[in-house]
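> Provided herewith is a single structure, encoded as structure tokens, for subsequent inquiry.
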Protein chains: 2
Amino acid sequence: MIPTLEWTPAGVSFLDQTQLPHEETYVLATDYKEVATVIRDMITRGAMAIGVSGAMGVAIGIQNSTATTIPELNAEVAEICDHLAATRPTAVNLFWGIDRVRALYDKLAAANTPIPEIKKAVVALSQEMYDEDIANCKQLGANGADLLPQEGTILTHCNAGALAACGYGSALGVIRAAVEQGHKLNVIADETRPYLQGARLTAWELMKDNIPTTVSCDNMAAYLMGKGRIQACIVGADRIAANGDTANKIGTYGVAILAKEFGIPFYVAAPWATIDINTAHGGLIPIEQRNPREVTHSNGIQMTPDGVGIENPAFDVTPAKYITAIITERGILRAPFTESIAAIASAT
Amino acid sequence: MIPTLEWTPAGVSFLDQTQLPHEETYVLATDYKEVATVIRDMITRGAMAIGVSGAMGVAIGIQNSTATTIPELNAEVAEICDHLAATRPTAVNLFWGIDRVRALYDKLAAANTPIPEIKKAVVALSQEMYDEDIANCKQLGANGADLLPQEGTILTHCNAGALAACGYGSALGVIRAAVEQGHKLNVIADETRPYLQGARLTAWELMKDNIPTTVSCDNMAAYLMGKGRIQACIVGADRIAANGDTANKIGTYGVAILAKEFGIPFYVAAPWATIDINTAHGGLIPIEQRNPREVTHSNGIQMTPDGVGIENPAFDVTPAKYITAIITERGILRAPFTESIAAIASAT
């Protein structure tokens, strides 16, 4: 089990993903501001992981509060939630995680529940969400496994693995489930510039599971597809709009277009919480722009000339028309996605 | 004028492109083996630059020879040419450069020309080829300038600039010519993993010419195209087959597919010497596989876990169907390329 994040009596413990694959070190966040820093600085990252981190951040903030009255605590909770929500804008799971704990808090506070009981309840919920996240990954993995070929090579972009969740992973969860069922799969991990989640994280966790993995530069996908070396693509998601448009790590959109051109299936794997039915289409998803230094520098050394312009969007939005299917723990969604998503949403 | 390479009395002087954009240092190659090392280690790179470097390598090898008879010199020339030809397999210009000097040598040797005269003649030819290369770039730049919009942003991949030639450049030559004619252009330079020719070289030389340039990771092209921010793509070539299939830096193929999907013109700019009418189609072009360390390490630090597989093809082949036009100093070629190429070839 890869210890991506964990609630401990001392605080929330995070595997420091900025140090992988070289070192397995841990960062202990003992208050909500430290949790926010962990999310903002990508010590932990991945939509599902930051969803549960957001929940645990609210829980630890409430747990640490010295407020003695509900109105006082209400004000603190508002501040805690705003602070955590301001860390990263794209993945809807972050807001979902924060809001779910806050909703429980609001209910208990409105009922004038004693503060010690509220504290216990929100901490317990954030831990339940942790367990649910793993269960969801395993279920969506099982749901999607048969979409992958019995034998072949799967291309994935970024890291939608155990490191992007509380465990098991979404895109890599589907690969893990298929391998557990006996599929003979190799993985091509796009290195995923500029942050190298594929080269550093996907390669690391798949090698731990003895799944044969090759790292490839992002720009090699057309070459590999053209040689018939990729049988399917599978990626995670940071937010899926109501029409199926999918925000995911920058570069996903290009992979999806190439897959279509070569007739290769392109799957998105994500827990239901990643689907934002309040966002009608992908054009409405805010795209985080990150520090140009991620592009200009590598291991502290500048690679570009001084003064040149830099692009660094952290995500792009793949239009639904390029997506073969969306794999969730609640089932496999296919086009027209507006209808398949609405059908599951209304069954809630 | 960017001093990519230059014949000097002491040897061939090369701007060390591995040190850009930080330092402008020079490597002096005083014999043909040093020229070969410069080409193999990518101290100079780019199809046109290594074509003329190959020619100068043969010339310096012959110049330095202590052979006193033609048969003795013949044997040395064979060894010199084989050694230089073994450095990099994909760019046809290398072989063209070597063969052109060798052909002159063979002719003079067959005529029993005195060895000192042969030496002078081959050195003079390699210098003529240098001048021709710049003239060809300027001519193809002038030919292609009007294909670029009066105003807009041009995406280029890798470096097909002054640094890839004796000066001015092919793809960047077309951009330079358009800017000189008053087009208001910005350039997006794909950083071009793993060797970062775009981030390091294209950005450096365009900024020297005050052409506004932004570096973007290779995987951001679909994002930028989808936002309408790219009006045309232009790249160089390492070898163009008789049917128009074009080998160029890894990643070119993907850019071409994306351009087609977004309805953006995709141009190849290359001197006629890059067209290899003896190669019927792109599948026959040998693709150089380079050291995995270019992918695994960055500034000496390993980014990937030990033991993971690595892909590192240096080039890919873009099928002719994705190419809007091929711009040469002898004119603009359009589909069907087999016919347009044959027409110019037969006019030789």
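Labels used: A, B, ... for chains in the order of the structure tokens, numbers from 1 for residues in each chain, and numbers from 1 for ligands as shown.
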Compile the contact shell of Val255 of chain A as a PyMOL selection string: residues with an atom at most 10 Å away, counting only C-alpha atoms, same-chain residues fewer than 5 positions apart removed.

(chain A and resi 155-157+190+218-219+221-222+233-235+250+260-261+266+318+322) or (chain B and resi 219+222+254+258)

> Identify all chain A residues at most 8 Å from chain B by counting only C-alpha atoms; ligands do not count. Present them as a VMD selection string.

chain A and resid 21 to 22 192 to 194 196 199 to 200 203 to 204 207 212 to 223 250 to 254 257 to 258 261 295 298 to 299 301 303 to 305 308 to 313 316 to 317

> Among segment 104-281 of chain B, which ones does DSSP assign to strand (DSSP E) (computed from the backbone)? Answer as number ranges by chain.

B: 151-156, 184-190, 213-216, 232-235, 239-241, 246-249, 266-269, 275-276

> Just to be explicit: take each residue in the selection above, keep N, CA, C and O atoms, and write the result as a compact mmCIF listing (two decimals), in the first residue's frame.


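Written file, out-v7.txt:
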# COMPACT_ATOMS: atom_id res chain seq x y z
N GLU B 151 -0.17 38.83 -39.64
CA GLU B 151 -0.14 39.05 -38.21
C GLU B 151 -0.56 37.76 -37.54
O GLU B 151 -1.48 37.09 -38.01
N GLY B 152 0.11 37.38 -36.47
CA GLY B 152 -0.31 36.18 -35.78
C GLY B 152 0.83 35.47 -35.11
O GLY B 152 1.94 36.00 -34.99
N THR B 153 0.54 34.28 -34.64
CA THR B 153 1.51 33.49 -33.89
C THR B 153 1.82 32.20 -34.64
O THR B 153 0.92 31.50 -35.10
N ILE B 154 3.12 31.93 -34.75
CA ILE B 154 3.59 30.77 -35.50
C ILE B 154 4.20 29.80 -34.50
O ILE B 154 5.07 30.17 -33.71
N LEU B 155 3.76 28.55 -34.54
CA LEU B 155 4.37 27.53 -33.69
C LEU B 155 5.49 26.84 -34.46
O LEU B 155 5.31 26.46 -35.63
N THR B 156 6.63 26.69 -33.81
CA THR B 156 7.70 25.90 -34.41
C THR B 156 8.18 24.87 -33.40
O THR B 156 8.03 25.06 -32.19
N LYS B 184 3.75 40.99 -38.73
CA LYS B 184 3.86 41.12 -37.28
C LYS B 184 3.63 39.74 -36.65
O LYS B 184 2.50 39.32 -36.45
N LEU B 185 4.72 39.07 -36.35
CA LEU B 185 4.62 37.68 -35.91
C LEU B 185 5.17 37.49 -34.50
O LEU B 185 6.18 38.09 -34.12
N ASN B 186 4.50 36.63 -33.77
CA ASN B 186 5.03 36.07 -32.52
C ASN B 186 5.34 34.61 -32.79
O ASN B 186 4.71 33.98 -33.64
N VAL B 187 6.26 34.08 -32.03
CA VAL B 187 6.60 32.67 -32.19
C VAL B 187 6.35 31.93 -30.88
O VAL B 187 6.70 32.42 -29.80
N ILE B 188 5.69 30.78 -30.99
CA ILE B 188 5.66 29.82 -29.89
C ILE B 188 6.71 28.77 -30.22
O ILE B 188 6.63 28.10 -31.26
N ALA B 189 7.69 28.64 -29.35
CA ALA B 189 8.73 27.63 -29.53
C ALA B 189 8.42 26.46 -28.62
O ALA B 189 8.49 26.58 -27.40
N ASP B 190 8.05 25.31 -29.21
CA ASP B 190 7.94 24.09 -28.40
C ASP B 190 9.28 23.86 -27.72
O ASP B 190 10.33 23.93 -28.38
N THR B 213 9.00 35.83 -28.57
CA THR B 213 9.00 34.38 -28.50
C THR B 213 8.54 33.90 -27.13
O THR B 213 8.93 34.46 -26.11
N THR B 214 7.70 32.87 -27.15
CA THR B 214 7.23 32.24 -25.93
C THR B 214 7.58 30.76 -26.00
O THR B 214 7.34 30.11 -27.02
N VAL B 215 8.14 30.24 -24.93
CA VAL B 215 8.45 28.81 -24.85
C VAL B 215 7.27 28.09 -24.21
O VAL B 215 6.70 28.55 -23.22
N SER B 216 6.92 26.98 -24.81
CA SER B 216 5.78 26.20 -24.37
C SER B 216 6.22 24.74 -24.30
O SER B 216 7.02 24.29 -25.13
N ALA B 232 -0.25 29.36 -37.72
CA ALA B 232 0.45 28.47 -38.65
C ALA B 232 1.55 27.74 -37.89
O ALA B 232 2.03 28.22 -36.85
N CYS B 233 1.93 26.57 -38.40
CA CYS B 233 3.07 25.83 -37.86
C CYS B 233 4.13 25.75 -38.95
O CYS B 233 3.79 25.57 -40.13
N ILE B 234 5.39 25.86 -38.55
CA ILE B 234 6.46 25.68 -39.53
C ILE B 234 7.63 24.99 -38.84
O ILE B 234 8.01 25.35 -37.72
N VAL B 235 8.14 23.98 -39.50
CA VAL B 235 9.25 23.18 -38.95
C VAL B 235 10.29 22.96 -40.04
O VAL B 235 10.03 23.20 -41.23
N ARG B 239 15.13 14.78 -43.32
CA ARG B 239 15.12 14.06 -44.60
C ARG B 239 13.69 14.04 -45.10
O ARG B 239 12.75 13.73 -44.36
N ILE B 240 13.52 14.36 -46.38
CA ILE B 240 12.20 14.32 -47.00
C ILE B 240 12.24 13.25 -48.08
O ILE B 240 13.09 13.29 -48.98
N ALA B 241 11.35 12.27 -47.96
CA ALA B 241 11.31 11.18 -48.95
C ALA B 241 10.71 11.69 -50.26
O ALA B 241 10.12 12.77 -50.32
N THR B 246 8.16 13.31 -44.23
CA THR B 246 9.24 14.15 -43.71
C THR B 246 9.72 13.70 -42.32
O THR B 246 8.96 13.71 -41.36
N ALA B 247 10.99 13.30 -42.27
CA ALA B 247 11.61 13.03 -40.97
C ALA B 247 12.06 14.35 -40.38
O ALA B 247 12.72 15.15 -41.04
N ASN B 248 11.67 14.58 -39.15
CA ASN B 248 12.12 15.76 -38.43
C ASN B 248 12.13 15.39 -36.95
O ASN B 248 11.77 14.28 -36.57
N LYS B 249 12.57 16.32 -36.14
CA LYS B 249 12.70 16.09 -34.70
C LYS B 249 11.48 15.40 -34.11
O LYS B 249 10.34 15.74 -34.46
N PHE B 266 0.32 23.63 -41.91
CA PHE B 266 1.55 23.02 -41.37
C PHE B 266 2.60 22.99 -42.48
O PHE B 266 2.45 22.26 -43.46
N TYR B 267 3.63 23.81 -42.32
CA TYR B 267 4.65 23.94 -43.37
C TYR B 267 5.97 23.29 -42.95
O TYR B 267 6.37 23.36 -41.79
N VAL B 268 6.63 22.71 -43.94
CA VAL B 268 7.99 22.22 -43.78
C VAL B 268 8.90 23.12 -44.61
O VAL B 268 8.59 23.38 -45.78
N ALA B 269 9.98 23.60 -44.00
CA ALA B 269 10.93 24.46 -44.73
C ALA B 269 12.29 23.78 -44.71
O ALA B 269 12.82 23.47 -43.64
N ILE B 275 15.85 16.82 -49.53
CA ILE B 275 14.96 15.89 -50.23
C ILE B 275 15.79 14.74 -50.79
O ILE B 275 16.75 14.96 -51.53
N ASP B 276 15.41 13.55 -50.37
CA ASP B 276 16.15 12.34 -50.76
C ASP B 276 15.30 11.55 -51.74
O ASP B 276 14.48 10.72 -51.34

> Would you work out the distance separating atom CA of Asp82 of chain A from atom CA of Asp131 of chain A, expressed in Å to one decimal?

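It comes out at 24.9 Å.
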
> For segment 177-181 of chain A, find every residue with an atom within 6 Å (counting only C-alpha atoms), except residues of its own chain fewer than 5 positions away, and show them as a list in words.

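Counting only the stated atoms, we get Gly141, Ala142 and Ala145 of chain A.
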
> Save out the residues we just selected, C-alpha atoms, as an mmCIF file, in the first residue's frame.


data_model
loop_
_atom_site.group_PDB
_atom_site.id
_atom_site.type_symbol
_atom_site.label_atom_id
_atom_site.label_comp_id
_atom_site.auth_asym_id
_atom_site.auth_seq_id
_atom_site.Cartn_x
_atom_site.Cartn_y
_atom_site.Cartn_z
ATOM 1 C CA GLY A 141 -10.954 -0.326 -11.588
ATOM 2 C CA ALA A 142 -13.093 -3.455 -11.593
ATOM 3 C CA ALA A 145 -10.723 -3.595 -16.448
#

> What does the structure give for the distance between atom CA of Asn136 of chain A and atom CA of Pro9 of chain A, in Å to one decimal?

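It comes out at 25.2 Å.
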
> Give me, as JSON, numbers by chain, the residues of segment 86-255 of chain B that a backbone DSSP run labels alpha helix (DSSP H).

{"B": [92, 93, 94, 95, 96, 97, 98, 99, 100, 101, 102, 103, 104, 105, 106, 107, 108, 109, 110, 115, 116, 117, 118, 119, 120, 121, 122, 123, 124, 125, 126, 127, 128, 129, 130, 131, 132, 133, 134, 135, 136, 137, 138, 139, 140, 141, 142, 143, 144, 171, 172, 173, 174, 175, 176, 177, 178, 179, 180, 197, 203, 204, 205, 206, 207, 208, 221, 222, 223, 224, 225, 226, 252, 253, 254, 255]}

> Return the single residue from A:Ala67, A:Arg88, A:Thr4, A:Gly167 that is closest to Ile39 of chain A, with distances computed using only C-alpha atoms.

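Nearest candidate to Ile39 of chain A out of A:Ala67, A:Arg88, A:Thr4, A:Gly167: A:Arg88.
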
> Name the residues in contact with Asp245 of chain B at a cut-off of 10 Å, using only C-alpha atoms, excluding same-chain residues fewer than 6 positions from it; report them as a PyMOL selection string.

chain B and resi 237+239+275+279-283+285+317-323+337-338

> Nearest residue to Val174 of chain A out of A:Lys227, A:Lys138, A:Lys208, A:Arg330, using only C-alpha atoms?

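Closest to Val174 of chain A of all the choices is A:Lys138.
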
> For segment 119-121 of chain A, work out the shell of residues within 8 Å, counting only C-alpha atoms and skipping chain neighbours fewer than 4 positions away, then give it as an MDAnalysis selection string.

chainID A and resid 59 62:63 115 125

> List the neighbours of Ile43 of chain B out to 8 Å using only C-alpha atoms; skip same-chain residues closer than 2 positions along the sequence, and give me the result as an MDAnalysis selection string.

chainID B and resid 14:18 38:41 45

> Write out as a count of residues only each polymer residue whose atoms come within 9 Å of Ala10 of chain B, counting only C-alpha atoms; drop sequence neighbours fewer than 3 positions from it.

5
